file coords.csv (CSV, C-alpha atoms and all ligand atoms)
chain,number,residue,atom,x,y,z
A,1,MET,CA,-16.4,45.3,-63.1
A,2,LYS,CA,-16.5,45.1,-66.8
A,3,TYR,CA,-12.9,45.8,-67.8
A,4,ARG,CA,-12.6,47.8,-71.0
A,5,PHE,CA,-9.3,47.6,-73.0
A,6,ALA,CA,-8.0,49.6,-75.9
A,7,ARG,CA,-9.0,48.3,-79.3
A,8,ARG,CA,-5.3,47.6,-80.2
A,9,MET,CA,-5.2,44.8,-77.6
A,10,SER,CA,-7.6,42.7,-79.7
A,11,CYS,CA,-5.1,43.0,-82.6
A,12,ILE,CA,-2.5,40.7,-81.1
A,13,PRO,CA,-3.0,37.3,-82.7
A,14,PRO,CA,-4.2,34.7,-80.1
A,15,SER,CA,-1.2,32.6,-79.0
A,16,PHE,CA,-1.2,29.1,-77.6
A,17,LEU,CA,2.6,29.3,-77.0
A,18,GLY,CA,2.4,29.9,-73.2
A,19,GLU,CA,0.5,26.7,-72.8
A,20,LEU,CA,2.7,24.9,-75.3
A,21,PHE,CA,5.9,25.9,-73.4
A,22,ARG,CA,4.4,24.8,-70.1
A,23,VAL,CA,3.6,21.4,-71.6
A,24,SER,CA,7.0,21.0,-73.3
A,25,SER,CA,8.9,21.7,-70.1
A,26,GLN,CA,7.4,18.7,-68.3
A,27,ARG,CA,9.9,16.3,-66.7
A,28,GLY,CA,11.3,13.7,-69.2
A,29,VAL,CA,10.3,15.8,-72.3
A,30,ILE,CA,13.3,16.6,-74.6
A,31,SER,CA,12.4,20.0,-75.9
A,32,PHE,CA,13.3,21.5,-79.2
A,33,ALA,CA,10.4,23.9,-78.9
A,34,GLY,CA,12.1,26.7,-76.9
A,35,GLY,CA,14.2,29.6,-78.2
A,36,LEU,CA,16.8,30.2,-75.5
A,37,PRO,CA,20.5,30.4,-76.0
A,38,GLY,CA,22.4,27.5,-74.3
A,39,SER,CA,22.7,28.4,-70.6
A,40,ALA,CA,26.0,26.5,-70.4
A,41,HIS,CA,27.6,29.1,-72.6
A,42,ILE,CA,26.9,32.1,-70.4
A,43,ASP,CA,30.1,33.3,-68.9
A,44,VAL,CA,28.7,33.6,-65.3
A,45,ARG,CA,32.1,33.9,-63.7
A,46,GLY,CA,33.3,36.6,-66.1
A,47,LEU,CA,30.1,38.6,-65.6
A,48,ALA,CA,30.3,38.2,-61.9
A,49,GLU,CA,33.9,39.5,-61.9
A,50,ALA,CA,32.8,42.5,-64.1
A,51,ALA,CA,29.9,43.2,-61.7
A,52,ARG,CA,32.2,43.1,-58.7
A,53,GLN,CA,34.6,45.6,-60.3
A,54,VAL,CA,31.8,47.9,-61.3
A,55,PHE,CA,30.3,48.0,-57.7
A,56,GLU,CA,33.8,48.7,-56.3
A,57,ASP,CA,34.9,51.3,-58.8
A,58,GLU,CA,31.8,53.1,-59.9
A,59,GLY,CA,28.9,51.7,-57.8
A,60,ARG,CA,27.3,55.1,-57.1
A,61,SER,CA,27.3,56.4,-60.7
A,62,SER,CA,26.2,53.1,-62.2
A,63,LEU,CA,23.2,53.0,-59.8
A,64,GLN,CA,22.0,56.5,-60.8
A,65,TYR,CA,19.6,57.5,-63.5
A,66,SER,CA,21.3,57.9,-66.9
A,67,THR,CA,20.7,59.2,-70.4
A,68,THR,CA,18.2,57.7,-72.8
A,69,ASP,CA,20.8,57.1,-75.5
A,70,GLY,CA,22.7,54.6,-73.2
A,71,HIS,CA,26.2,54.2,-71.8
A,72,LEU,CA,28.6,56.0,-74.2
A,73,PRO,CA,31.5,53.6,-73.9
A,74,LEU,CA,29.1,50.7,-74.7
A,75,ARG,CA,27.8,52.5,-77.8
A,76,GLU,CA,31.3,53.2,-78.9
A,77,TYR,CA,32.1,49.5,-78.5
A,78,ILE,CA,29.1,48.6,-80.7
A,79,ALA,CA,30.0,51.2,-83.3
A,80,ALA,CA,33.7,50.0,-83.4
A,81,ARG,CA,32.5,46.4,-83.8
A,82,TYR,CA,30.3,47.4,-86.8
A,83,ARG,CA,33.3,49.1,-88.4
A,84,GLN,CA,35.6,46.2,-87.8
A,85,ARG,CA,33.3,43.2,-88.5
A,86,LEU,CA,31.0,44.6,-91.2
A,87,GLY,CA,32.8,47.6,-92.7
A,88,LEU,CA,29.9,49.9,-91.7
A,89,PRO,CA,30.9,53.5,-91.0
A,90,ALA,CA,29.0,53.5,-87.6
A,91,THR,CA,29.6,56.1,-84.9
A,92,ALA,CA,28.3,56.0,-81.3
A,93,ASP,CA,25.8,58.8,-82.0
A,94,GLU,CA,24.0,56.6,-84.5
A,95,ILE,CA,23.5,54.0,-81.9
A,96,GLN,CA,21.0,53.8,-79.0
A,97,ILE,CA,20.8,51.2,-76.3
A,98,VAL,CA,17.5,49.4,-75.8
A,99,ASN,CA,16.0,46.9,-73.4
A,100,GLY,CA,16.7,43.9,-75.6
A,101,SER,CA,16.3,44.2,-79.3
A,102,GLN,CA,12.6,43.3,-78.8
A,103,GLN,CA,12.1,46.8,-77.6
A,104,CYS,CA,13.2,48.1,-81.1
A,105,LEU,CA,10.3,46.2,-82.6
A,106,ASP,CA,7.8,48.0,-80.4
A,107,LEU,CA,9.4,51.5,-80.7
A,108,VAL,CA,10.1,51.3,-84.5
A,109,ALA,CA,6.5,50.5,-85.1
A,110,LYS,CA,5.4,53.1,-82.6
A,111,ILE,CA,7.2,55.9,-84.4
A,112,LEU,CA,6.4,54.8,-88.0
A,113,VAL,CA,3.0,53.2,-88.1
A,114,ASN,CA,-0.5,54.7,-87.9
A,115,PRO,CA,-3.5,52.3,-87.8
A,116,GLY,CA,-4.1,50.9,-91.3
A,117,ASP,CA,-0.6,51.6,-92.5
A,118,HIS,CA,1.1,49.0,-94.6
A,119,ILE,CA,4.2,47.1,-93.4
A,120,GLY,CA,5.9,44.0,-94.8
A,121,MET,CA,7.7,41.0,-93.3
A,122,GLU,CA,8.9,37.5,-94.2
A,123,ARG,CA,6.6,34.5,-94.4
A,124,PRO,CA,7.2,32.7,-92.1
A,125,GLY,CA,8.2,35.6,-89.8
A,126,TYR,CA,9.4,36.1,-86.3
A,127,LEU,CA,6.5,35.8,-83.9
A,128,GLY,CA,7.8,38.4,-81.5
A,129,ALA,CA,7.7,40.9,-84.3
A,130,ILE,CA,4.2,39.9,-85.4
A,131,GLU,CA,3.0,40.5,-81.8
A,132,ALA,CA,4.9,43.8,-81.4
A,133,PHE,CA,3.8,45.3,-84.7
A,134,SER,CA,0.2,44.1,-84.4
A,135,LEU,CA,-0.4,46.5,-81.4
A,136,TYR,CA,-0.1,49.4,-83.8
A,137,GLU,CA,-2.8,48.1,-86.0
A,138,PRO,CA,-1.0,47.9,-89.4
A,139,VAL,CA,-1.9,45.9,-92.4
A,140,ILE,CA,0.8,43.3,-92.4
A,141,HIS,CA,1.9,41.8,-95.8
A,142,ALA,CA,3.8,38.6,-95.7
A,143,VAL,CA,6.3,37.9,-98.5
A,144,PRO,CA,7.3,34.2,-99.0
A,145,LEU,CA,10.8,33.5,-97.8
A,146,THR,CA,12.9,31.4,-100.2
A,147,ASP,CA,16.2,29.7,-99.5
A,148,SER,CA,17.9,32.9,-100.8
A,149,GLY,CA,15.7,35.5,-99.2
A,150,PRO,CA,12.3,37.1,-99.6
A,151,ASP,CA,10.8,36.2,-103.0
A,152,LEU,CA,11.9,39.2,-105.2
A,153,SER,CA,8.9,39.5,-107.4
A,154,SER,CA,6.4,39.5,-104.5
A,155,PHE,CA,8.7,41.9,-102.7
A,156,ALA,CA,8.8,44.3,-105.7
A,157,ALA,CA,5.1,44.0,-106.2
A,158,LEU,CA,4.4,44.8,-102.5
A,159,VAL,CA,6.5,47.9,-102.6
A,160,ARG,CA,5.1,49.0,-105.9
A,161,GLU,CA,1.4,48.5,-105.0
A,162,HIS,CA,1.4,49.8,-101.4
A,163,PRO,CA,2.9,52.7,-99.5
A,164,VAL,CA,4.8,50.3,-97.2
A,165,ARG,CA,6.3,52.0,-94.1
A,166,PHE,CA,8.9,49.4,-93.6
A,167,PHE,CA,9.8,45.9,-94.5
A,168,TYR,CA,11.0,43.8,-91.5
A,169,GLY,CA,13.5,41.0,-92.2
A,170,ILE,CA,16.1,38.9,-90.6
A,171,PRO,CA,18.8,38.3,-93.3
A,172,ASN,CA,21.0,36.2,-91.0
A,173,SER,CA,19.8,32.8,-89.8
A,174,GLN,CA,16.2,33.8,-89.7
A,175,ASN,CA,13.9,32.9,-86.9
A,176,PRO,CA,12.0,30.6,-87.4
A,177,SER,CA,13.3,29.2,-90.7
A,178,GLY,CA,17.1,29.3,-90.1
A,179,ARG,CA,17.5,30.7,-93.6
A,180,THR,CA,20.2,33.3,-94.6
A,181,TYR,CA,19.7,35.7,-97.5
A,182,SER,CA,22.2,35.4,-100.3
A,183,GLU,CA,24.4,38.5,-101.1
A,184,GLU,CA,22.7,38.7,-104.5
A,185,TYR,CA,19.3,39.0,-102.8
A,186,ARG,CA,20.5,41.6,-100.3
A,187,LYS,CA,21.7,43.7,-103.2
A,188,ALA,CA,18.5,43.1,-105.2
A,189,LEU,CA,16.2,44.0,-102.2
A,190,ALA,CA,18.3,47.2,-101.6
A,191,GLY,CA,17.9,48.0,-105.3
A,192,ILE,CA,14.2,47.6,-105.2
A,193,LEU,CA,13.8,49.8,-102.1
A,194,ASP,CA,16.3,52.5,-103.1
A,195,GLY,CA,14.6,55.9,-103.6
A,196,THR,CA,11.2,54.6,-102.4
A,197,GLY,CA,9.7,55.8,-99.1
A,198,THR,CA,10.0,52.3,-97.6
A,199,LEU,CA,12.6,51.6,-94.9
A,200,PHE,CA,14.3,48.2,-94.4
A,201,TYR,CA,14.3,47.1,-90.8
A,202,GLU,CA,17.2,44.7,-90.6
A,203,ASP,CA,17.0,42.6,-87.4
A,204,ASP,CA,20.4,41.1,-86.9
A,205,ALA,CA,19.8,39.1,-83.7
A,206,PHE,CA,21.9,36.1,-85.1
A,207,GLY,CA,24.5,37.8,-87.3
A,208,GLU,CA,27.4,36.8,-85.0
A,209,LEU,CA,26.5,33.2,-84.9
A,210,PHE,CA,27.6,31.9,-88.3
A,211,PHE,CA,29.1,28.4,-87.9
A,212,ASP,CA,31.9,29.3,-90.3
A,213,GLY,CA,32.7,32.5,-88.3
A,214,ARG,CA,32.4,34.5,-91.5
A,215,PRO,CA,30.2,37.6,-91.2
A,216,ARG,CA,27.7,38.2,-94.1
A,217,LEU,CA,27.5,41.8,-95.5
A,218,PRO,CA,24.4,43.5,-94.0
A,219,LEU,CA,21.8,45.0,-96.2
A,220,LYS,CA,22.6,48.3,-94.6
A,221,ARG,CA,25.9,48.3,-96.6
A,222,PHE,CA,23.8,48.6,-99.8
A,223,LEU,CA,21.1,50.9,-98.5
A,224,PRO,CA,22.6,52.9,-95.7
A,225,ASP,CA,20.1,55.8,-95.4
A,226,GLN,CA,17.0,53.6,-95.7
A,227,THR,CA,18.0,50.8,-93.3
A,228,VAL,CA,17.3,50.6,-89.6
A,229,MET,CA,19.3,47.9,-88.0
A,230,SER,CA,18.9,46.2,-84.6
A,231,GLY,CA,21.3,44.0,-82.7
A,232,SER,CA,21.5,42.3,-79.3
A,233,PHE,CA,23.9,40.9,-76.7
A,234,SER,CA,21.2,38.3,-75.8
A,235,LYS,CA,22.6,35.5,-78.0
A,236,ILE,CA,26.3,36.3,-77.5
A,237,VAL,CA,26.5,37.3,-73.9
A,238,ALA,CA,23.3,36.8,-71.8
A,239,PRO,CA,19.7,37.5,-72.6
A,240,GLY,CA,18.8,38.3,-69.0
A,241,MET,CA,20.9,41.5,-69.1
A,242,ARG,CA,18.3,42.7,-71.6
A,243,ILE,CA,20.7,44.8,-73.7
A,244,GLY,CA,20.2,45.4,-77.4
A,245,TRP,CA,20.6,48.4,-79.7
A,246,ILE,CA,19.3,50.2,-82.7
A,247,TYR,CA,21.6,51.6,-85.4
A,248,ALA,CA,19.6,54.0,-87.5
A,249,PRO,CA,19.8,57.2,-89.6
A,250,GLN,CA,19.7,60.4,-87.5
A,251,PRO,CA,16.1,61.5,-88.3
A,252,VAL,CA,14.8,58.0,-87.3
A,253,LEU,CA,17.0,57.9,-84.2
A,254,ALA,CA,15.7,61.3,-83.0
A,255,GLN,CA,12.1,60.1,-83.1
A,256,PHE,CA,13.1,56.8,-81.6
A,257,ASN,CA,14.8,58.6,-78.7
A,258,CYS,CA,11.6,60.5,-77.9
A,259,ALA,CA,9.6,57.3,-77.9
A,260,LYS,CA,12.2,55.5,-75.8
A,261,GLN,CA,12.4,58.3,-73.2
A,262,ALA,CA,8.6,58.3,-72.9
A,263,ALA,CA,8.5,54.6,-72.5
A,264,ASP,CA,11.2,53.9,-69.9
A,265,LEU,CA,13.6,56.9,-69.6
A,266,HIS,CA,16.5,54.6,-70.3
A,267,SER,CA,17.5,50.9,-70.3
A,268,ASN,CA,18.9,49.4,-67.1
A,269,PHE,CA,22.1,51.4,-66.6
A,270,LEU,CA,23.8,49.0,-64.2
A,271,SER,CA,23.4,46.2,-66.7
A,272,GLN,CA,25.0,48.4,-69.4
A,273,VAL,CA,28.0,49.4,-67.3
A,274,ILE,CA,28.6,45.8,-66.2
A,275,LEU,CA,28.3,44.6,-69.7
A,276,HIS,CA,30.8,47.2,-71.0
A,277,ARG,CA,33.2,46.3,-68.2
A,278,TYR,CA,32.9,42.7,-69.2
A,279,LEU,CA,33.5,43.4,-72.9
A,280,ALA,CA,36.5,45.6,-72.1
A,281,THR,CA,38.1,42.9,-70.1
A,282,HIS,CA,37.2,39.7,-72.1
A,283,ASP,CA,37.7,38.4,-75.6
A,284,LEU,CA,34.1,38.4,-77.1
A,285,ASP,CA,35.4,37.1,-80.4
A,286,SER,CA,36.8,34.0,-78.9
A,287,HIS,CA,33.6,33.4,-76.9
A,288,VAL,CA,31.4,33.9,-79.9
A,289,ARG,CA,33.6,31.5,-82.0
A,290,ASN,CA,33.2,28.9,-79.3
A,291,VAL,CA,29.4,29.2,-79.1
A,292,SER,CA,29.0,29.3,-82.9
A,293,ARG,CA,31.2,26.1,-83.2
A,294,ILE,CA,29.0,24.3,-80.6
A,295,TYR,CA,25.7,25.4,-82.2
A,296,GLY,CA,27.2,24.4,-85.6
A,297,GLU,CA,27.9,20.9,-84.2
A,298,HIS,CA,24.4,20.6,-82.8
A,299,CYS,CA,22.9,21.8,-86.1
A,300,ARG,CA,24.9,19.4,-88.3
A,301,LEU,CA,24.0,16.5,-86.0
A,302,MET,CA,20.3,17.4,-86.2
A,303,CYS,CA,20.4,17.7,-90.0
A,304,GLU,CA,22.1,14.4,-90.4
A,305,LEU,CA,19.6,12.6,-88.1
A,306,LEU,CA,16.7,14.2,-89.8
A,307,ASP,CA,18.0,13.0,-93.1
A,308,ASP,CA,18.6,9.5,-91.7
A,309,LEU,CA,15.6,8.9,-89.5
A,310,MET,CA,12.6,10.8,-91.0
A,311,PRO,CA,10.3,9.3,-93.5
A,312,GLU,CA,10.1,10.2,-97.2
A,313,GLY,CA,8.5,13.6,-97.8
A,314,MET,CA,9.8,15.4,-94.8
A,315,THR,CA,12.2,18.2,-95.5
A,316,HIS,CA,14.2,20.7,-93.5
A,317,THR,CA,16.2,23.9,-94.0
A,318,THR,CA,20.0,23.7,-93.6
A,319,PRO,CA,21.1,26.7,-91.5
A,320,GLU,CA,24.5,28.4,-91.8
A,321,GLY,CA,24.1,29.8,-88.3
A,322,GLY,CA,21.7,30.8,-85.5
A,323,MET,CA,19.6,28.6,-83.3
A,324,PHE,CA,16.7,27.2,-85.4
A,325,LEU,CA,15.8,25.1,-88.3
A,326,MET,CA,12.4,24.5,-89.8
A,327,CYS,CA,10.9,21.2,-91.1
A,328,THR,CA,8.1,20.6,-93.5
A,329,LEU,CA,6.2,17.5,-92.5
A,330,PRO,CA,5.2,14.7,-94.9
A,331,PRO,CA,2.0,15.5,-96.8
A,332,GLY,CA,-1.2,15.2,-94.7
A,333,LEU,CA,0.5,15.6,-91.3
A,334,SER,CA,-0.5,18.4,-89.0
A,335,SER,CA,2.1,20.1,-86.7
A,336,MET,CA,-0.4,20.2,-83.8
A,337,GLU,CA,-0.9,16.5,-84.0
A,338,VAL,CA,2.8,16.0,-84.1
A,339,PHE,CA,3.2,18.3,-81.1
A,340,ARG,CA,0.5,16.5,-79.0
A,341,GLU,CA,1.7,13.0,-79.9
A,342,GLY,CA,5.4,14.2,-79.4
A,343,VAL,CA,4.7,15.3,-75.8
A,344,ARG,CA,3.2,11.8,-75.1
A,345,GLU,CA,6.4,10.3,-76.5
A,346,GLY,CA,8.7,12.7,-74.6
A,347,VAL,CA,9.7,15.2,-77.3
A,348,ALA,CA,8.5,18.7,-77.9
A,349,VAL,CA,8.6,20.6,-81.2
A,350,LEU,CA,7.1,24.1,-82.0
A,351,PRO,CA,4.2,24.1,-84.5
A,352,GLY,CA,5.0,26.7,-87.2
A,353,VAL,CA,1.4,28.1,-87.5
A,354,PRO,CA,1.9,31.3,-85.3
A,355,PHE,CA,4.8,32.4,-87.6
A,356,PHE,CA,2.5,32.7,-90.6
A,357,VAL,CA,0.8,36.0,-90.1
A,358,ASP,CA,-1.7,35.4,-92.9
A,359,GLY,CA,-2.5,31.8,-92.1
A,360,GLY,CA,-1.1,28.5,-93.2
A,361,GLY,CA,2.1,26.7,-92.0
A,362,GLU,CA,0.1,23.8,-90.5
A,363,ASP,CA,2.7,21.4,-92.0
A,364,THR,CA,5.7,23.1,-90.5
A,365,ILE,CA,7.6,22.8,-87.2
A,366,ARG,CA,10.5,24.8,-85.8
A,367,LEU,CA,13.3,22.9,-84.0
A,368,ASN,CA,15.8,24.7,-81.7
A,369,PHE,CA,19.4,23.4,-81.6
A,370,SER,CA,21.0,25.7,-79.0
A,371,THR,CA,19.9,24.1,-75.8
A,372,ALA,CA,19.9,20.3,-76.2
A,373,GLU,CA,23.3,18.6,-76.3
A,374,GLY,CA,24.4,15.6,-78.5
A,375,GLU,CA,22.8,12.7,-76.7
A,376,ALA,CA,19.5,14.5,-76.1
A,377,ILE,CA,19.4,15.5,-79.8
A,378,ARG,CA,19.9,11.8,-80.8
A,379,GLU,CA,17.2,10.6,-78.3
A,380,GLY,CA,14.8,13.4,-79.1
A,381,LEU,CA,15.0,12.9,-82.8
A,382,ASP,CA,14.6,9.2,-82.4
A,383,ARG,CA,11.3,9.9,-80.5
A,384,LEU,CA,10.2,12.4,-83.1
A,385,ALA,CA,10.9,9.9,-85.9
A,386,ARG,CA,8.7,7.4,-84.1
A,387,VAL,CA,5.9,9.9,-83.8
A,388,ILE,CA,6.0,11.0,-87.4
A,389,ARG,CA,6.1,7.4,-88.7
A,390,LYS,CA,3.2,6.5,-86.5
A,391,LEU,CA,1.1,9.5,-87.8
A,392,ALA,CA,2.2,9.4,-91.4
B,401,LIG,C1,14.8,37.5,-84.6
B,401,LIG,C2,14.7,38.0,-83.2
B,401,LIG,N1,14.7,39.3,-83.0
B,401,LIG,C3,14.7,39.9,-81.7
B,401,LIG,C4,14.6,39.0,-80.6
B,401,LIG,C5,14.6,39.7,-79.3
B,401,LIG,O1,15.7,39.4,-78.5
B,401,LIG,P1,16.3,40.3,-77.4
B,401,LIG,O2,15.2,41.3,-77.0
B,401,LIG,O3,16.7,39.4,-76.3
B,401,LIG,O4,17.4,41.1,-78.0
B,401,LIG,C6,14.6,37.6,-80.8
B,401,LIG,C7,14.6,36.7,-79.6
B,401,LIG,O5,14.7,35.5,-79.7
B,401,LIG,C8,14.7,37.1,-82.1
B,401,LIG,O6,14.7,35.8,-82.3
call {"tool": "encode", "arguments": {"input": "coords.csv", "output": "structure tokens"}}
result
Amino acid sequence: MKYRFARRMSCIPPSFLGELFRVSSQRGVISFAGGLPGSAHIDVRGLAEAARQVFEDEGRSSLQYSTTDGHLPLREYIAARYRQRLGLPATADEIQIVNGSQQCLDLVAKILVNPGDHIGMERPGYLGAIEAFSLYEPVIHAVPLTDSGPDLSSFAALVREHPVRFFYGIPNSQNPSGRTYSEEYRKALAGILDGTGTLFYEDDAFGELFFDGRPRLPLKRFLPDQTVMSGSFSKIVAPGMRIGWIYAPQPVLAQFNCAKQAADLHSNFLSQVILHRYLATHDLDSHVRNVSRIYGEHCRLMCELLDDLMPEGMTHTTPEGGMFLMCTLPPGLSSMEVFREGVREGVAVLPGVPFFVDGGGEDTIRLNFSTAEGEAIREGLDRLARVIRKLA
């Protein structure tokens, strides 16, 4: 049998990440390559108790089919949190539950992009977004990401020169770079987009995880009718529940709802009811404060060790939150070489190449600081320093 697949399947960039994660999870390897939240910070007991209560009190209804929009009390909780934390005038009917915010990437592209349409994203950009968008065969433009946000003149030129359907960005603790847009840049980006036909897709996967606990104003505050926002419980409760959401203007949401219904009818309803029960009976703020504090300690330690141990010419970003930072290697070093030699020495890093949709990034690596604890961070960076000194 010669299997024949749709043309779009050849549009996904080839990825060596599966192989790389397999290698980096070998015994004895300290891995900074992954992207998981710390398992130790999942409140298993609290979620088990919420699940027990749901099965006892509303087992039958929570095991039934439900609506595409998602569990109303959960959507009300999310809207109320937007109002309280970020001053956004959100209501439950502007929010729809999805199967992890990754599903938003697929469905937003599905409803907005025809083959050959133009979209924009950051350079480097989130790999999961590159993969999801690529299936809809767009022309992807990558705008260099500076320490303050996407380079404004490249951004303005992109929007001026092409009918860009949407620009996808992660203003808070970006994946992979760990950078956060400044408020000035958020306002400037909103100003450039205002009145154009281009939407801003604001992925806020990490907005709750600022080490100082201070929320940053979302771009949606400055461009409400042109911003589609996504959020997720993956990093603040548990990724395995697969619950995220989209918060979007009504016309977008109506189309999104049709696409979501066609794709899967609705997200796992049992998961939604259990999660809502958990949120109604636990203090999410204090949990998030605790997780952010711990990630902040890991990140500070990692930055200090990078400064102390790495040779001249190696630089790194200094995140204010999230789970990742990015390093630029000393001139002449290749991230794949560092990866291979690192695994031999017992430390795994993630080469930055797949995050650069238009090529490049061979001299970058992404390091995760949400999973390894203090001693492992010290030992892992010691090993990495040895590898880099040897190759430099
Ligand atoms: C920036 C970003 N957006 C979206 C996602 C998808 O997460 P989830 O589907 O678990 O909400 C991730 C996962 O790591 C991410 O890093």
call {"tool": "closest_atom_pairs", "arguments": {"input": "coords.csv", "of": "chain A", "to": "ligand LIG 401 (chain B)", "cutoff": "6 Å", "atoms": "only C-alpha atoms and all ligand atoms", "output": "JSON lines"}}
result
{"residue": "A:Gly100", "atom": "CA", "partner": "B:LIG401", "partner_atom": "O2", "distance": 3.3}
{"residue": "A:Ser101", "atom": "CA", "partner": "B:LIG401", "partner_atom": "O4", "distance": 3.5}
{"residue": "A:Gln102", "atom": "CA", "partner": "B:LIG401", "partner_atom": "O2", "distance": 3.7}
{"residue": "A:Tyr126", "atom": "CA", "partner": "B:LIG401", "partner_atom": "C1", "distance": 5.8}
{"residue": "A:Asn175", "atom": "CA", "partner": "B:LIG401", "partner_atom": "C1", "distance": 5.2}
{"residue": "A:Asp203", "atom": "CA", "partner": "B:LIG401", "partner_atom": "N1", "distance": 6.0}
{"residue": "A:Ala205", "atom": "CA", "partner": "B:LIG401", "partner_atom": "N1", "distance": 5.2}
{"residue": "A:Ser232", "atom": "CA", "partner": "B:LIG401", "partner_atom": "O4", "distance": 4.5}
{"residue": "A:Ser234", "atom": "CA", "partner": "B:LIG401", "partner_atom": "O3", "distance": 4.7}
{"residue": "A:Pro239", "atom": "CA", "partner": "B:LIG401", "partner_atom": "O3", "distance": 5.1}
{"residue": "A:Arg242", "atom": "CA", "partner": "B:LIG401", "partner_atom": "O3", "distance": 6.0}
{"residue": "A:Gly244", "atom": "CA", "partner": "B:LIG401", "partner_atom": "O4", "distance": 5.2}
call {"tool": "write_last_selection", "arguments": {"input": "coords.csv", "atoms": "C-alpha atoms", "output": "PDB file, keeping the file's coordinate frame"}}
result
ATOM      1  CA  GLY A 100      16.700  43.900 -75.600  1.00  0.00           C
ATOM      2  CA  SER A 101      16.300  44.200 -79.300  1.00  0.00           C
ATOM      3  CA  GLN A 102      12.600  43.300 -78.800  1.00  0.00           C
ATOM      4  CA  TYR A 126       9.400  36.100 -86.300  1.00  0.00           C
ATOM      5  CA  ASN A 175      13.900  32.900 -86.900  1.00  0.00           C
ATOM      6  CA  ASP A 203      17.000  42.600 -87.400  1.00  0.00           C
ATOM      7  CA  ALA A 205      19.800  39.100 -83.700  1.00  0.00           C
ATOM      8  CA  SER A 232      21.500  42.300 -79.300  1.00  0.00           C
ATOM      9  CA  SER A 234      21.200  38.300 -75.800  1.00  0.00           C
ATOM     10  CA  PRO A 239      19.700  37.500 -72.600  1.00  0.00           C
ATOM     11  CA  ARG A 242      18.300  42.700 -71.600  1.00  0.00           C
ATOM     12  CA  GLY A 244      20.200  45.400 -77.400  1.00  0.00           C
TER      13      GLY A 244
END
call {"tool": "atom_distance", "arguments": {"input": "coords.csv", "atom1": "atom CA of Phe211 of chain A", "atom2": "atom CA of Tyr295 of chain A"}}
result
7.3 Å
call {"tool": "atom_distance", "arguments": {"input": "coords.csv", "atom1": "atom CA of Phe233 of chain A", "atom2": "atom CA of Leu270 of chain A"}}
result
14.9 Å
call {"tool": "closest_residue", "arguments": {"input": "coords.csv", "among": "A:Pro215, A:Ser25, A:Thr364, A:Pro354", "to": "Ser334 of chain A", "atoms": "all atoms listed in the file"}}
result
A:Thr364
call {"tool": "residues_near_point", "arguments": {"input": "coords.csv", "point": "(8.5, 14.6, -74.2)", "cutoff": "6 Å", "atoms": "only C-alpha atoms", "output": "ChimeraX atom specification"}}
result
/A:28-30,343,345-348
call {"tool": "closest_atom_pairs", "arguments": {"input": "coords.csv", "of": "segment 225-267 of chain A", "to": "segment 43-64 of chain A", "cutoff": "10 Å", "atoms": "all atoms listed in the file", "output": "Markdown table"}}
result
| residue | atom | partner | partner_atom | distance |
| --- | --- | --- | --- | --- |
| A:Ile236 | CA | A:Asp43 | CA | 9.9 |
| A:Val237 | CA | A:Asp43 | CA | 7.3 |
| A:Ala238 | CA | A:Asp43 | CA | 8.2 |
call {"tool": "closest_residue", "arguments": {"input": "coords.csv", "among": "A:Pro37, A:Gly125, A:Pro14, A:Gly70", "to": "Gln261 of chain A", "atoms": "all atoms listed in the file"}}
result
A:Gly70
call {"tool": "closest_residue", "arguments": {"input": "coords.csv", "among": "A:Lys187, A:Lys110, A:Val252, A:Tyr278", "to": "Lys220 of chain A", "atoms": "all atoms listed in the file"}}
result
A:Lys187
call {"tool": "residues_around", "arguments": {"input": "coords.csv", "residues": "Val108 of chain A", "least_positions_apart": "3", "cutoff": "12 Å", "atoms": "all atoms listed in the file", "output": "VMD selection string"}}
result
chain A and resid 98 101 to 105 111 to 114 119 129 132 to 133 135 to 136 165 to 168 199 to 203 227 to 230 245 to 248 252 to 260
call {"tool": "closest_residue", "arguments": {"input": "coords.csv", "among": "A:Leu279, A:Ser24, A:Pro144, A:Gly197", "to": "Tyr77 of chain A", "atoms": "only C-alpha atoms"}}
result
A:Leu279
call {"tool": "residues_near_point", "arguments": {"input": "coords.csv", "point": "(20.7, 58.8, -75.7)", "cutoff": "8 Å", "atoms": "only C-alpha atoms", "output": "PyMOL selection string"}}
result
chain A and resi 67-70+96-97+257
call {"tool": "closest_residue", "arguments": {"input": "coords.csv", "among": "A:Cys327, A:Val273, A:Val23, A:Ala376", "to": "Gly178 of chain A", "atoms": "only C-alpha atoms"}}
result
A:Cys327
call {"tool": "closest_residue", "arguments": {"input": "coords.csv", "among": "A:Gly240, A:Pro138, A:Gly120, A:Pro176", "to": "Gly34 of chain A", "atoms": "only C-alpha atoms"}}
result
A:Pro176
call {"tool": "atom_distance", "arguments": {"input": "coords.csv", "atom1": "atom CA of Asp283 of chain A", "atom2": "atom CA of Ser66 of chain A"}}
result
26.9 Å
